[in-house]
$ cat work-v7.csv   # CSV, C-alpha atoms
chain,number,residue,atom,x,y,z
I,1,MET,CA,-17.3,-2.8,-11.3
I,2,THR,CA,-17.1,-3.5,-7.6
I,3,ASP,CA,-19.5,-6.4,-7.3
I,4,ASP,CA,-16.6,-8.7,-6.5
I,5,LEU,CA,-14.5,-6.1,-4.9
I,6,PHE,CA,-13.2,-7.5,-1.6
I,7,SER,CA,-16.0,-9.9,-1.2
I,8,HIS,CA,-14.3,-11.1,2.0
I,9,ASP,CA,-14.6,-7.5,3.4
I,10,PRO,CA,-17.8,-5.8,2.3
I,11,GLU,CA,-17.2,-2.8,4.6
I,12,GLU,CA,-13.9,-2.1,3.0
I,13,ALA,CA,-15.4,-2.6,-0.5
I,14,ALA,CA,-18.1,0.0,0.3
I,15,LEU,CA,-15.5,2.5,1.5
I,16,ILE,CA,-13.3,2.1,-1.6
I,17,ASP,CA,-16.3,2.2,-3.9
I,18,ALA,CA,-17.5,5.4,-2.4
I,19,ALA,CA,-14.0,7.0,-2.7
I,20,ILE,CA,-13.8,5.9,-6.4
I,21,ARG,CA,-17.1,7.6,-7.1
I,22,ASP,CA,-16.4,10.8,-5.1
I,23,ALA,CA,-12.9,11.9,-3.9
I,24,ARG,CA,-14.5,13.6,-0.9
I,25,ALA,CA,-15.3,10.1,0.5
I,26,PHE,CA,-11.5,9.4,0.6
I,27,GLY,CA,-11.3,10.2,4.4
I,28,PRO,CA,-12.3,6.8,5.7
I,29,VAL,CA,-10.0,5.0,3.3
I,30,TYR,CA,-7.2,7.2,4.6
I,31,GLU,CA,-8.0,6.5,8.2
I,32,ARG,CA,-8.2,2.8,7.5
I,33,TYR,CA,-4.7,2.6,5.9
I,34,VAL,CA,-2.6,5.4,7.3
I,35,GLN,CA,-1.1,3.4,10.1
I,36,ARG,CA,-0.1,0.5,7.9
I,37,ILE,CA,1.4,2.7,5.2
I,38,TYR,CA,3.2,4.8,7.8
I,39,SER,CA,4.6,1.7,9.4
I,40,TYR,CA,5.8,0.4,6.1
I,41,LEU,CA,7.4,3.7,5.2
I,42,TYR,CA,9.0,4.0,8.6
I,43,TYR,CA,10.8,0.7,8.2
I,44,ARG,CA,11.8,1.6,4.6
I,45,THR,CA,13.2,5.0,5.5
I,46,GLY,CA,14.4,4.4,9.1
I,47,ASN,CA,13.1,7.7,10.6
I,48,HIS,CA,9.9,9.4,11.4
I,49,HIS,CA,10.5,12.6,9.5
I,50,ASP,CA,10.9,10.9,6.1
I,51,ALA,CA,8.1,8.4,6.9
I,52,GLU,CA,5.7,11.3,7.5
I,53,ASP,CA,6.8,13.1,4.3
I,54,LEU,CA,6.4,10.0,2.2
I,55,THR,CA,3.1,9.0,3.8
I,56,ALA,CA,1.7,12.3,2.8
I,57,ARG,CA,3.0,11.8,-0.8
I,58,VAL,CA,1.4,8.3,-1.0
I,59,PHE,CA,-2.0,9.5,0.1
I,60,PHE,CA,-2.0,12.5,-2.1
I,61,LYS,CA,-1.1,10.3,-5.1
I,62,ALA,CA,-3.8,7.8,-4.1
I,63,LEU,CA,-6.4,10.7,-3.8
I,64,GLN,CA,-5.4,11.9,-7.2
I,65,HIS,CA,-5.7,8.5,-8.9
I,66,ILE,CA,-8.4,6.7,-7.0
I,67,GLY,CA,-11.0,7.7,-9.5
I,68,ARG,CA,-9.1,5.6,-12.1
I,69,TYR,CA,-8.6,2.6,-9.7
I,70,GLN,CA,-9.7,-0.7,-11.2
I,71,HIS,CA,-10.0,-3.9,-9.2
I,72,ARG,CA,-8.1,-6.6,-11.0
I,73,GLY,CA,-8.2,-9.3,-8.4
I,74,ALA,CA,-5.5,-8.1,-6.1
I,75,PRO,CA,-6.4,-6.5,-2.8
I,76,PHE,CA,-6.7,-2.7,-2.7
I,77,SER,CA,-4.0,-2.5,-0.1
I,78,GLY,CA,-1.7,-4.0,-2.7
I,79,TRP,CA,-2.4,-0.9,-4.9
I,80,LEU,CA,-1.6,1.4,-2.0
I,81,TYR,CA,1.6,-0.4,-1.1
I,82,ARG,CA,2.6,-0.3,-4.7
I,83,ILE,CA,2.3,3.5,-4.7
I,84,ALA,CA,4.3,3.5,-1.4
I,85,HIS,CA,6.9,1.3,-3.0
I,86,ASN,CA,7.3,3.6,-6.0
I,87,VAL,CA,7.5,6.6,-3.7
I,88,VAL,CA,10.2,4.9,-1.7
I,89,VAL,CA,12.1,3.9,-4.8
I,90,ASN,CA,12.1,7.6,-6.0
I,91,TRP,CA,13.1,8.8,-2.5
I,92,ALA,CA,15.9,6.2,-2.2
I,93,ARG,CA,17.3,7.3,-5.5
I,94,ASP,CA,17.9,10.8,-4.0
I,95,ASN,CA,18.9,9.5,-0.6
I,96,ARG,CA,21.2,6.6,-1.3
I,97,GLU,CA,22.6,6.4,2.2
I,98,HIS,CA,19.1,5.6,3.6
I,99,ASN,CA,18.1,2.8,1.3
I,100,THR,CA,18.3,0.0,3.9
I,101,ILE,CA,16.5,-0.6,7.1
I,102,ALA,CA,18.0,1.6,9.8
I,103,LEU,CA,16.0,1.4,13.0
I,104,ASP,CA,17.7,2.9,15.9
I,105,ASP,CA,14.6,3.5,18.0
I,106,VAL,CA,12.6,0.4,17.3
I,107,VAL,CA,12.7,-1.7,20.4
I,108,GLY,CA,11.8,-5.3,20.2
I,109,TYR,CA,10.0,-7.2,22.9
I,110,ALA,CA,11.9,-7.7,26.2
I,111,GLY,CA,10.5,-10.1,28.7
I,112,SER,CA,9.8,-8.4,32.0
I,113,ASP,CA,11.1,-11.4,34.0
I,114,GLU,CA,14.5,-11.3,32.3
I,115,THR,CA,17.6,-10.6,34.2
I,116,PRO,CA,19.8,-7.7,33.1
I,117,HIS,CA,22.3,-10.2,31.6
I,118,GLN,CA,19.5,-11.9,29.6
I,119,GLN,CA,18.2,-8.5,28.4
I,120,LEU,CA,21.7,-7.7,27.3
I,121,VAL,CA,22.1,-11.0,25.4
I,122,ARG,CA,18.7,-10.5,23.8
I,123,SER,CA,19.5,-6.9,22.8
I,124,GLU,CA,22.8,-8.0,21.2
I,125,GLU,CA,20.9,-10.8,19.3
I,126,GLN,CA,18.3,-8.3,18.1
I,127,GLU,CA,21.0,-5.9,16.9
I,128,ARG,CA,22.8,-8.7,15.0
I,129,LEU,CA,19.5,-9.8,13.4
I,130,MET,CA,18.7,-6.2,12.5
I,131,GLN,CA,22.1,-5.8,10.8
I,132,ALA,CA,21.6,-9.0,8.9
I,133,ILE,CA,18.1,-7.9,7.8
I,134,GLY,CA,19.6,-4.5,6.8
I,135,ALA,CA,22.2,-6.3,4.6
I,136,LEU,CA,19.6,-8.2,2.7
I,137,PRO,CA,18.6,-7.1,-0.8
I,138,VAL,CA,15.9,-4.5,-0.8
I,139,ASP,CA,13.1,-6.7,-2.1
I,140,ARG,CA,13.7,-9.2,0.8
I,141,GLN,CA,13.7,-6.4,3.4
I,142,GLN,CA,10.5,-5.3,1.9
I,143,LEU,CA,9.0,-8.8,2.1
I,144,LEU,CA,9.9,-9.1,5.8
I,145,VAL,CA,8.4,-5.6,6.6
I,146,LEU,CA,5.2,-6.4,4.7
I,147,LYS,CA,4.8,-9.8,6.3
I,148,PHE,CA,5.7,-9.0,9.9
I,149,VAL,CA,5.1,-5.3,10.4
I,150,ASN,CA,2.1,-4.9,8.1
I,151,ARG,CA,0.8,-8.4,8.5
I,152,CYS,CA,0.1,-8.6,4.8
I,153,SER,CA,-1.0,-11.9,3.2
I,154,ASN,CA,1.2,-13.4,0.5
I,155,GLN,CA,-1.4,-12.2,-2.0
I,156,GLU,CA,-1.0,-8.6,-0.9
I,157,ILE,CA,2.8,-8.9,-0.9
I,158,GLY,CA,2.7,-10.4,-4.4
I,159,ALA,CA,0.6,-7.5,-5.6
I,160,THR,CA,3.1,-5.0,-4.1
I,161,LEU,CA,6.2,-6.7,-5.3
I,162,GLY,CA,4.8,-7.8,-8.7
I,163,ARG,CA,5.2,-11.5,-7.9
I,164,THR,CA,2.9,-14.5,-7.7
I,165,GLU,CA,1.9,-15.9,-4.3
I,166,GLY,CA,4.1,-18.9,-5.0
I,167,ALA,CA,7.1,-16.7,-5.7
I,168,VAL,CA,6.5,-14.8,-2.5
I,169,LYS,CA,6.5,-18.1,-0.5
I,170,SER,CA,9.7,-19.2,-2.1
I,171,LEU,CA,11.3,-15.8,-1.6
I,172,TYR,CA,10.4,-15.8,2.1
I,173,HIS,CA,11.9,-19.3,2.6
I,174,ARG,CA,15.1,-18.3,0.8
I,175,THR,CA,15.2,-15.1,2.9
I,176,LEU,CA,15.1,-17.1,6.1
I,177,LEU,CA,17.8,-19.4,4.9
I,178,ALA,CA,20.0,-16.4,4.0
I,179,LEU,CA,19.4,-14.8,7.3
I,180,LYS,CA,20.2,-18.0,9.2
I,181,LYS,CA,23.4,-18.3,7.2
I,182,ALA,CA,24.4,-14.7,7.9
I,183,LEU,CA,23.8,-15.1,11.6
I,184,GLU,CA,25.9,-18.3,11.8
I,185,GLU,CA,28.9,-16.7,10.1
Q,1,MET,CA,5.2,-36.0,-3.1
Q,2,PRO,CA,6.6,-32.5,-2.5
Q,3,THR,CA,10.3,-32.2,-2.1
Q,4,LYS,CA,11.7,-31.5,1.4
Q,5,ARG,CA,12.7,-28.0,0.3
Q,6,ARG,CA,9.1,-27.3,-0.8
Q,7,MET,CA,7.7,-28.7,2.4
Q,8,LEU,CA,10.1,-26.5,4.5
Q,9,SER,CA,8.9,-23.5,2.5
Q,10,GLU,CA,5.2,-24.4,3.2
Q,11,ILE,CA,5.9,-24.9,6.9
Q,12,THR,CA,7.9,-21.7,7.3
Q,13,ASN,CA,5.2,-19.7,5.5
Q,14,ALA,CA,2.4,-21.3,7.5
Q,15,TYR,CA,4.3,-20.5,10.7
Q,16,ALA,CA,4.8,-16.9,9.6
Q,17,ASN,CA,1.1,-16.6,8.9
Q,18,HIS,CA,0.4,-18.0,12.4
Q,19,LEU,CA,2.7,-15.4,13.9
Q,20,THR,CA,1.2,-12.5,12.1
Q,21,SER,CA,-2.5,-13.4,11.8
Q,22,GLY,CA,-3.0,-15.9,14.5
Q,23,THR,CA,-4.2,-18.6,12.1
Q,24,SER,CA,-3.5,-22.2,12.7
Q,25,ALA,CA,0.3,-22.6,12.3
Q,26,LEU,CA,0.2,-25.7,10.1
Q,27,SER,CA,-2.7,-26.9,8.2
Q,28,GLY,CA,-3.7,-28.9,5.1
Q,29,ASN,CA,-1.2,-31.4,3.8
Q,30,VAL,CA,1.8,-29.9,5.6
Q,31,GLU,CA,3.5,-32.7,7.4
Q,32,ARG,CA,5.1,-31.1,10.3
Q,33,ASP,CA,5.6,-34.3,12.2
Q,34,ALA,CA,8.0,-35.5,9.5
Q,35,PHE,CA,10.3,-32.6,10.4
Q,36,ALA,CA,9.7,-32.5,14.1
Q,37,ASN,CA,13.4,-33.3,14.7
Q,38,ASP,CA,14.7,-31.4,11.8
Q,39,GLN,CA,17.5,-29.0,12.8
Q,40,VAL,CA,17.1,-26.8,9.8
Q,41,LEU,CA,13.3,-26.4,10.4
Q,42,GLY,CA,13.8,-25.8,14.1
Q,43,GLY,CA,16.4,-23.0,13.3
Q,44,LEU,CA,14.1,-21.4,10.8
Q,45,ILE,CA,11.1,-21.5,13.2
Q,46,ARG,CA,13.2,-19.8,16.0
Q,47,LEU,CA,14.4,-17.2,13.5
Q,48,SER,CA,10.8,-16.4,12.5
Q,49,ASP,CA,10.0,-15.9,16.2
Q,50,GLN,CA,13.0,-13.5,16.6
Q,51,ILE,CA,11.9,-11.5,13.4
Q,52,ALA,CA,8.3,-11.3,14.7
Q,53,GLU,CA,9.7,-9.9,18.0
Q,54,LEU,CA,11.9,-7.4,16.3
Q,55,LEU,CA,9.7,-6.1,13.4
Q,56,VAL,CA,6.7,-4.6,15.2
Q,57,PRO,CA,4.3,-2.0,13.8
Q,58,VAL,CA,5.1,1.7,14.4
Q,59,ALA,CA,2.3,4.2,15.0
Q,60,PRO,CA,2.4,7.7,13.4
Q,61,ALA,CA,1.9,10.7,15.7
Q,62,PRO,CA,-1.8,11.5,16.2
Q,63,GLU,CA,-1.2,15.1,15.3
Q,64,PHE,CA,0.4,14.1,12.0
Q,65,VAL,CA,-2.6,11.8,11.2
Q,66,HIS,CA,-5.0,14.6,11.9
Q,67,ARG,CA,-3.1,17.2,10.0
Q,68,LEU,CA,-2.7,15.0,6.9
Q,69,GLY,CA,-6.4,14.1,7.0
Q,70,THR,CA,-7.3,17.8,7.0
Q,71,ARG,CA,-5.0,18.5,4.1
Q,72,LEU,CA,-6.5,15.6,2.1
Q,73,THR,CA,-10.0,16.7,2.8
Q,74,ALA,CA,-9.1,20.2,1.6
Q,75,ALA,CA,-7.4,18.8,-1.5
Q,76,ALA,CA,-10.5,16.7,-2.3
Q,77,ALA,CA,-12.8,19.7,-2.1
Q,78,PRO,CA,-11.4,21.8,-5.1
Q,79,CYS,CA,-12.4,18.8,-7.3
Q,80,GLU,CA,-16.0,19.7,-6.6
Q,81,ILE,CA,-15.4,23.4,-7.3
Q,82,ARG,CA,-13.6,22.6,-10.5
Q,83,ILE,CA,-16.5,20.3,-11.6
Q,84,GLY,CA,-19.0,23.0,-10.8
Q,85,HIS,CA,-17.0,25.6,-12.7
Q,86,GLN,CA,-16.8,23.2,-15.7
Q,87,SER,CA,-20.6,22.6,-15.6
Q,88,ARG,CA,-21.3,26.4,-15.6
Q,89,GLN,CA,-18.9,26.8,-18.6
Q,90,ARG,CA,-20.8,24.1,-20.5
Q,91,PHE,CA,-24.1,25.7,-19.7
Q,92,TRP,CA,-23.1,29.1,-21.0
Q,93,LEU,CA,-21.5,27.6,-24.1
Q,94,GLY,CA,-24.7,25.7,-24.8
Q,95,ALA,CA,-26.8,28.8,-24.2
Q,96,LEU,CA,-24.5,30.8,-26.6
Q,97,LEU,CA,-24.8,28.1,-29.3
Q,98,SER,CA,-28.6,27.8,-28.9
Q,99,GLY,CA,-29.0,31.6,-29.0
Q,100,SER,CA,-26.9,31.7,-32.2
Q,101,LEU,CA,-28.9,29.0,-33.8
Q,102,VAL,CA,-32.2,30.7,-32.9
Q,103,SER,CA,-30.9,34.0,-34.3
Q,104,ALA,CA,-29.7,32.4,-37.5
Q,105,THR,CA,-33.0,30.6,-38.0
Q,106,GLY,CA,-35.0,33.8,-37.4
Q,107,PHE,CA,-32.8,35.7,-39.8
Q,108,VAL,CA,-33.5,33.1,-42.5
Q,109,LEU,CA,-37.2,33.0,-41.8
Q,110,VAL,CA,-37.5,36.8,-42.1
Q,111,TRP,CA,-35.5,36.8,-45.3
Q,112,VAL,CA,-37.7,34.1,-46.8
Q,113,LEU,CA,-40.9,36.0,-45.8
Q,114,LEU,CA,-39.6,39.3,-47.2
Q,115,ARG,CA,-38.6,37.6,-50.4
Q,116,GLY,CA,-42.1,35.9,-50.7
Q,117,ARG,CA,-43.9,39.2,-50.1
Q,118,ARG,CA,-41.7,41.0,-52.6
Q,119,ALA,CA,-42.4,38.3,-55.2
Q,120,THR,CA,-46.1,38.7,-54.5
Q,121,MET,CA,-46.0,42.5,-54.9
Q,122,LEU,CA,-44.1,42.2,-58.2
Q,123,ALA,CA,-46.6,39.6,-59.5
Q,124,GLY,CA,-49.5,42.0,-58.5
$ encode --input "work-v7.csv" --output "structure tokens"
Amino acid sequence: MTDDLFSHDPEEAALIDAAIRDARAFGPVYERYVQRIYSYLYYRTGNHHDAEDLTARVFFKALQHIGRYQHRGAPFSGWLYRIAHNVVVNWARDNREHNTIALDDVVGYAGSDETPHQQLVRSEEQERLMQAIGALPVDRQQLLVLKFVNRCSNQEIGATLGRTEGAVKSLYHRTLLALKKALEE
Amino acid sequence: MPTKRRMLSEITNAYANHLTSGTSALSGNVERDAFANDQVLGGLIRLSDQIAELLVPVAPAPEFVHRLGTRLTAAAAPCEIRIGHQSRQRFWLGALLSGSLVSATGFVLVWVLLRGRRATMLAG
């Protein structure tokens, strides 16, 4: 079953194959993905407490179902992100006030050679951009988080969002245009 | 010939890949030069840079990672115990069935032997 599983990363294929055969070998898979899944959930929930809670739910679900995982061409990470996506959707249903990106303590890059005035301008720009991102539809927010935070390929994003790579490309472009328009208003 | 919109989409995607994975920003048949002075493209490229600066990975607390790892390991272990328990159940069920089959066969054999001996005695 796993002959063509992640042929571009044999080490990852071996880890996942071992975990499929024996749940006790799930540890290395967890260690490989915990940071990416946590990061994704942090940006989806906006706070560490919920991100930790949902990360635990994602990995317990993955552990429970990995024996039935079947490689169907999409990356394994897409399967994990899909679980994370479903967990967030269920969580957001019960926490409607938190269903957009809300990132008070994420600090973007600030150049060390900037003057206080430049830092203030940059900070205001980042705040406006974050507000604009937060006002986007959820699937577009998710796309940006997967692309920039998790550094997912369009194929991985497609597997998570249930879209083709071409559709992901198009969605990304439309998202940029929408953000640009929102910032110009 | 792709439309301008499609070309812009290709370029912005290629640029995002460059920002996130360090691959060559523009490759293949993407004709960046044709849009070198394009205001829309320039704006989208700058916006991509700003997003990349803003949306950065967030690391979980090491204690949380360790604690969850321990819980997952503990959760994976009962699977083994359950499987062992199921195997033992199957063994005893098999033994019970085999024992019953042997007993039934023995009973039939004794009955046939006794019947044969009785028939011989009556004939004698």
$ residues_around --input "work-v7.csv" --residues "stretch 45-47 of chain Q" --least-positions-apart "5" --cutoff "8 Å" --atoms "all atoms listed in the file" --output "ChimeraX atom specification"
/I:176,180 /Q:12,15
$ closest_atom_pairs --input "work-v7.csv" --of "chain I" --to "chain Q" --cutoff "7 Å" --atoms "all atoms listed in the file" --output "Markdown table"
| residue | atom | partner | partner_atom | distance |
| --- | --- | --- | --- | --- |
| I:Ala23 | CA | Q:Ala76 | CA | 5.6 |
| I:Arg24 | CA | Q:Ala76 | CA | 5.3 |
| I:Gly27 | CA | Q:Gly69 | CA | 6.8 |
| I:Gln35 | CA | Q:Ala59 | CA | 6.0 |
| I:Tyr38 | CA | Q:Pro60 | CA | 6.4 |
| I:Ser39 | CA | Q:Val58 | CA | 5.0 |
| I:Ala56 | CA | Q:Leu68 | CA | 6.6 |
| I:Phe60 | CA | Q:Leu72 | CA | 6.9 |
| I:Gly108 | CA | Q:Leu54 | CA | 4.4 |
| I:Tyr109 | CA | Q:Glu53 | CA | 5.6 |
| I:Gln126 | CA | Q:Leu54 | CA | 6.7 |
| I:Val145 | CA | Q:Leu55 | CA | 6.9 |
| I:Phe148 | CA | Q:Ala52 | CA | 5.9 |
| I:Val149 | CA | Q:Pro57 | CA | 4.8 |
| I:Asn150 | CA | Q:Pro57 | CA | 6.8 |
| I:Arg151 | CA | Q:Thr20 | CA | 5.5 |
| I:Lys169 | CA | Q:Asn13 | CA | 6.3 |
| I:Ser170 | CA | Q:Ser9 | CA | 6.3 |
| I:His173 | CA | Q:Ser9 | CA | 5.2 |
| I:Leu176 | CA | Q:Leu44 | CA | 6.4 |
$ atom_distance --input "work-v7.csv" --atom1 "atom CA of I:Leu80" --atom2 "atom CA of I:Arg174"
26.0 Å
$ atom_distance --input "work-v7.csv" --atom1 "atom CA of Q:Trp92" --atom2 "atom CA of Q:Phe107"
22.2 Å
$ atom_distance --input "work-v7.csv" --atom1 "atom CA of I:His85" --atom2 "atom CA of I:Lys61"
12.2 Å
$ residues_around --input "work-v7.csv" --residues "I:Gly67" --least-positions-apart "2" --cutoff "7 Å" --atoms "all atoms listed in the file" --output "PyMOL selection string"
chain I and resi 20-21+65+69
$ closest_residue --input "work-v7.csv" --among "I:Ala74, I:Ile66, I:Leu179, I:Ile16" --to "I:Leu161" --atoms "only C-alpha atoms"
I:Ala74
$ residues_around --input "work-v7.csv" --residues "stretch 76-78 of chain I" --least-positions-apart "4" --cutoff "8 Å" --atoms "all atoms listed in the file" --output "PyMOL selection string"
chain I and resi 33+71+82+156-160
$ closest_residue --input "work-v7.csv" --among "I:Asp22, I:Ala167, I:Tyr172, I:Val34" --to "I:Gln141" --atoms "only C-alpha atoms"
I:Tyr172
$ closest_residue --input "work-v7.csv" --among "Q:Trp111, Q:Gly94, Q:His18, Q:Gln89" --to "Q:Asp49" --atoms "all atoms listed in the file"
Q:His18
$ decode --input "work-v7.csv" --residues "stretch 128-152 of chain I" --atoms "N, CA, C and O atoms" --output "PDB file, in the first residue's frame"
ATOM      1  N   ARG I 128      -3.759  46.959  10.527  1.00  0.00           N
ATOM      2  CA  ARG I 128      -4.774  47.090   9.465  1.00  0.00           C
ATOM      3  C   ARG I 128      -4.831  45.832   8.613  1.00  0.00           C
ATOM      4  O   ARG I 128      -5.900  45.345   8.251  1.00  0.00           O
ATOM      5  N   LEU I 129      -3.639  45.305   8.305  1.00  0.00           N
ATOM      6  CA  LEU I 129      -3.598  44.089   7.484  1.00  0.00           C
ATOM      7  C   LEU I 129      -4.242  42.923   8.236  1.00  0.00           C
ATOM      8  O   LEU I 129      -5.012  42.141   7.660  1.00  0.00           O
ATOM      9  N   MET I 130      -3.946  42.809   9.534  1.00  0.00           N
ATOM     10  CA  MET I 130      -4.524  41.714  10.323  1.00  0.00           C
ATOM     11  C   MET I 130      -6.046  41.832  10.389  1.00  0.00           C
ATOM     12  O   MET I 130      -6.771  40.838  10.289  1.00  0.00           O
ATOM     13  N   GLN I 131      -6.516  43.071  10.523  1.00  0.00           N
ATOM     14  CA  GLN I 131      -7.972  43.283  10.539  1.00  0.00           C
ATOM     15  C   GLN I 131      -8.579  42.886   9.200  1.00  0.00           C
ATOM     16  O   GLN I 131      -9.647  42.268   9.146  1.00  0.00           O
ATOM     17  N   ALA I 132      -7.886  43.246   8.120  1.00  0.00           N
ATOM     18  CA  ALA I 132      -8.390  42.905   6.782  1.00  0.00           C
ATOM     19  C   ALA I 132      -8.414  41.388   6.591  1.00  0.00           C
ATOM     20  O   ALA I 132      -9.364  40.833   6.021  1.00  0.00           O
ATOM     21  N   ILE I 133      -7.365  40.707   7.081  1.00  0.00           N
ATOM     22  CA  ILE I 133      -7.327  39.242   6.977  1.00  0.00           C
ATOM     23  C   ILE I 133      -8.461  38.638   7.810  1.00  0.00           C
ATOM     24  O   ILE I 133      -9.149  37.723   7.376  1.00  0.00           O
ATOM     25  N   GLY I 134      -8.653  39.212   9.004  1.00  0.00           N
ATOM     26  CA  GLY I 134      -9.710  38.708   9.880  1.00  0.00           C
ATOM     27  C   GLY I 134     -11.103  38.891   9.312  1.00  0.00           C
ATOM     28  O   GLY I 134     -12.035  38.173   9.688  1.00  0.00           O
ATOM     29  N   ALA I 135     -11.259  39.856   8.396  1.00  0.00           N
ATOM     30  CA  ALA I 135     -12.578  40.101   7.796  1.00  0.00           C
ATOM     31  C   ALA I 135     -12.820  39.222   6.565  1.00  0.00           C
ATOM     32  O   ALA I 135     -13.926  39.229   6.007  1.00  0.00           O
ATOM     33  N   LEU I 136     -11.799  38.477   6.153  1.00  0.00           N
ATOM     34  CA  LEU I 136     -11.967  37.603   4.972  1.00  0.00           C
ATOM     35  C   LEU I 136     -12.854  36.405   5.327  1.00  0.00           C
ATOM     36  O   LEU I 136     -12.943  36.023   6.494  1.00  0.00           O
ATOM     37  N   PRO I 137     -13.480  35.787   4.313  1.00  0.00           N
ATOM     38  CA  PRO I 137     -14.188  34.538   4.586  1.00  0.00           C
ATOM     39  C   PRO I 137     -13.220  33.491   5.168  1.00  0.00           C
ATOM     40  O   PRO I 137     -12.014  33.543   4.891  1.00  0.00           O
ATOM     41  N   VAL I 138     -13.770  32.578   5.947  1.00  0.00           N
ATOM     42  CA  VAL I 138     -12.935  31.621   6.692  1.00  0.00           C
ATOM     43  C   VAL I 138     -12.010  30.811   5.780  1.00  0.00           C
ATOM     44  O   VAL I 138     -10.838  30.604   6.108  1.00  0.00           O
ATOM     45  N   ASP I 139     -12.522  30.386   4.613  1.00  0.00           N
ATOM     46  CA  ASP I 139     -11.671  29.555   3.746  1.00  0.00           C
ATOM     47  C   ASP I 139     -10.452  30.327   3.246  1.00  0.00           C
ATOM     48  O   ASP I 139      -9.368  29.767   3.063  1.00  0.00           O
ATOM     49  N   ARG I 140     -10.599  31.653   3.059  1.00  0.00           N
ATOM     50  CA  ARG I 140      -9.463  32.456   2.599  1.00  0.00           C
ATOM     51  C   ARG I 140      -8.459  32.692   3.728  1.00  0.00           C
ATOM     52  O   ARG I 140      -7.249  32.707   3.498  1.00  0.00           O
ATOM     53  N   GLN I 141      -8.977  32.871   4.948  1.00  0.00           N
ATOM     54  CA  GLN I 141      -8.077  32.991   6.103  1.00  0.00           C
ATOM     55  C   GLN I 141      -7.259  31.705   6.241  1.00  0.00           C
ATOM     56  O   GLN I 141      -6.051  31.724   6.467  1.00  0.00           O
ATOM     57  N   GLN I 142      -7.990  30.590   6.079  1.00  0.00           N
ATOM     58  CA  GLN I 142      -7.363  29.282   6.224  1.00  0.00           C
ATOM     59  C   GLN I 142      -6.257  29.096   5.174  1.00  0.00           C
ATOM     60  O   GLN I 142      -5.176  28.588   5.473  1.00  0.00           O
ATOM     61  N   LEU I 143      -6.556  29.536   3.967  1.00  0.00           N
ATOM     62  CA  LEU I 143      -5.582  29.444   2.877  1.00  0.00           C
ATOM     63  C   LEU I 143      -4.311  30.213   3.233  1.00  0.00           C
ATOM     64  O   LEU I 143      -3.191  29.699   3.070  1.00  0.00           O
ATOM     65  N   LEU I 144      -4.466  31.426   3.737  1.00  0.00           N
ATOM     66  CA  LEU I 144      -3.291  32.244   4.070  1.00  0.00           C
ATOM     67  C   LEU I 144      -2.480  31.621   5.205  1.00  0.00           C
ATOM     68  O   LEU I 144      -1.249  31.618   5.164  1.00  0.00           O
ATOM     69  N   VAL I 145      -3.184  31.090   6.195  1.00  0.00           N
ATOM     70  CA  VAL I 145      -2.473  30.457   7.318  1.00  0.00           C
ATOM     71  C   VAL I 145      -1.707  29.227   6.835  1.00  0.00           C
ATOM     72  O   VAL I 145      -0.530  29.040   7.157  1.00  0.00           O
ATOM     73  N   LEU I 146      -2.379  28.399   6.039  1.00  0.00           N
ATOM     74  CA  LEU I 146      -1.711  27.189   5.542  1.00  0.00           C
ATOM     75  C   LEU I 146      -0.514  27.546   4.657  1.00  0.00           C
ATOM     76  O   LEU I 146       0.531  26.916   4.726  1.00  0.00           O
ATOM     77  N   LYS I 147      -0.670  28.583   3.858  1.00  0.00           N
ATOM     78  CA  LYS I 147       0.402  28.946   2.920  1.00  0.00           C
ATOM     79  C   LYS I 147       1.575  29.623   3.637  1.00  0.00           C
ATOM     80  O   LYS I 147       2.722  29.242   3.438  1.00  0.00           O
ATOM     81  N   PHE I 148       1.287  30.611   4.478  1.00  0.00           N
ATOM     82  CA  PHE I 148       2.373  31.406   5.062  1.00  0.00           C
ATOM     83  C   PHE I 148       2.852  30.888   6.415  1.00  0.00           C
ATOM     84  O   PHE I 148       4.039  30.933   6.696  1.00  0.00           O
ATOM     85  N   VAL I 149       1.944  30.428   7.258  1.00  0.00           N
ATOM     86  CA  VAL I 149       2.368  29.953   8.584  1.00  0.00           C
ATOM     87  C   VAL I 149       2.908  28.525   8.473  1.00  0.00           C
ATOM     88  O   VAL I 149       3.975  28.213   8.964  1.00  0.00           O
ATOM     89  N   ASN I 150       2.115  27.665   7.813  1.00  0.00           N
ATOM     90  CA  ASN I 150       2.488  26.253   7.747  1.00  0.00           C
ATOM     91  C   ASN I 150       3.337  25.905   6.530  1.00  0.00           C
ATOM     92  O   ASN I 150       3.820  24.792   6.411  1.00  0.00           O
ATOM     93  N   ARG I 151       3.473  26.870   5.649  1.00  0.00           N
ATOM     94  CA  ARG I 151       4.306  26.688   4.445  1.00  0.00           C
ATOM     95  C   ARG I 151       3.883  25.470   3.647  1.00  0.00           C
ATOM     96  O   ARG I 151       4.718  24.685   3.180  1.00  0.00           O
ATOM     97  N   CYS I 152       2.586  25.267   3.560  1.00  0.00           N
ATOM     98  CA  CYS I 152       2.048  24.130   2.809  1.00  0.00           C
ATOM     99  C   CYS I 152       2.125  24.416   1.311  1.00  0.00           C
ATOM    100  O   CYS I 152       2.002  25.561   0.882  1.00  0.00           O
TER     101      CYS I 152
END
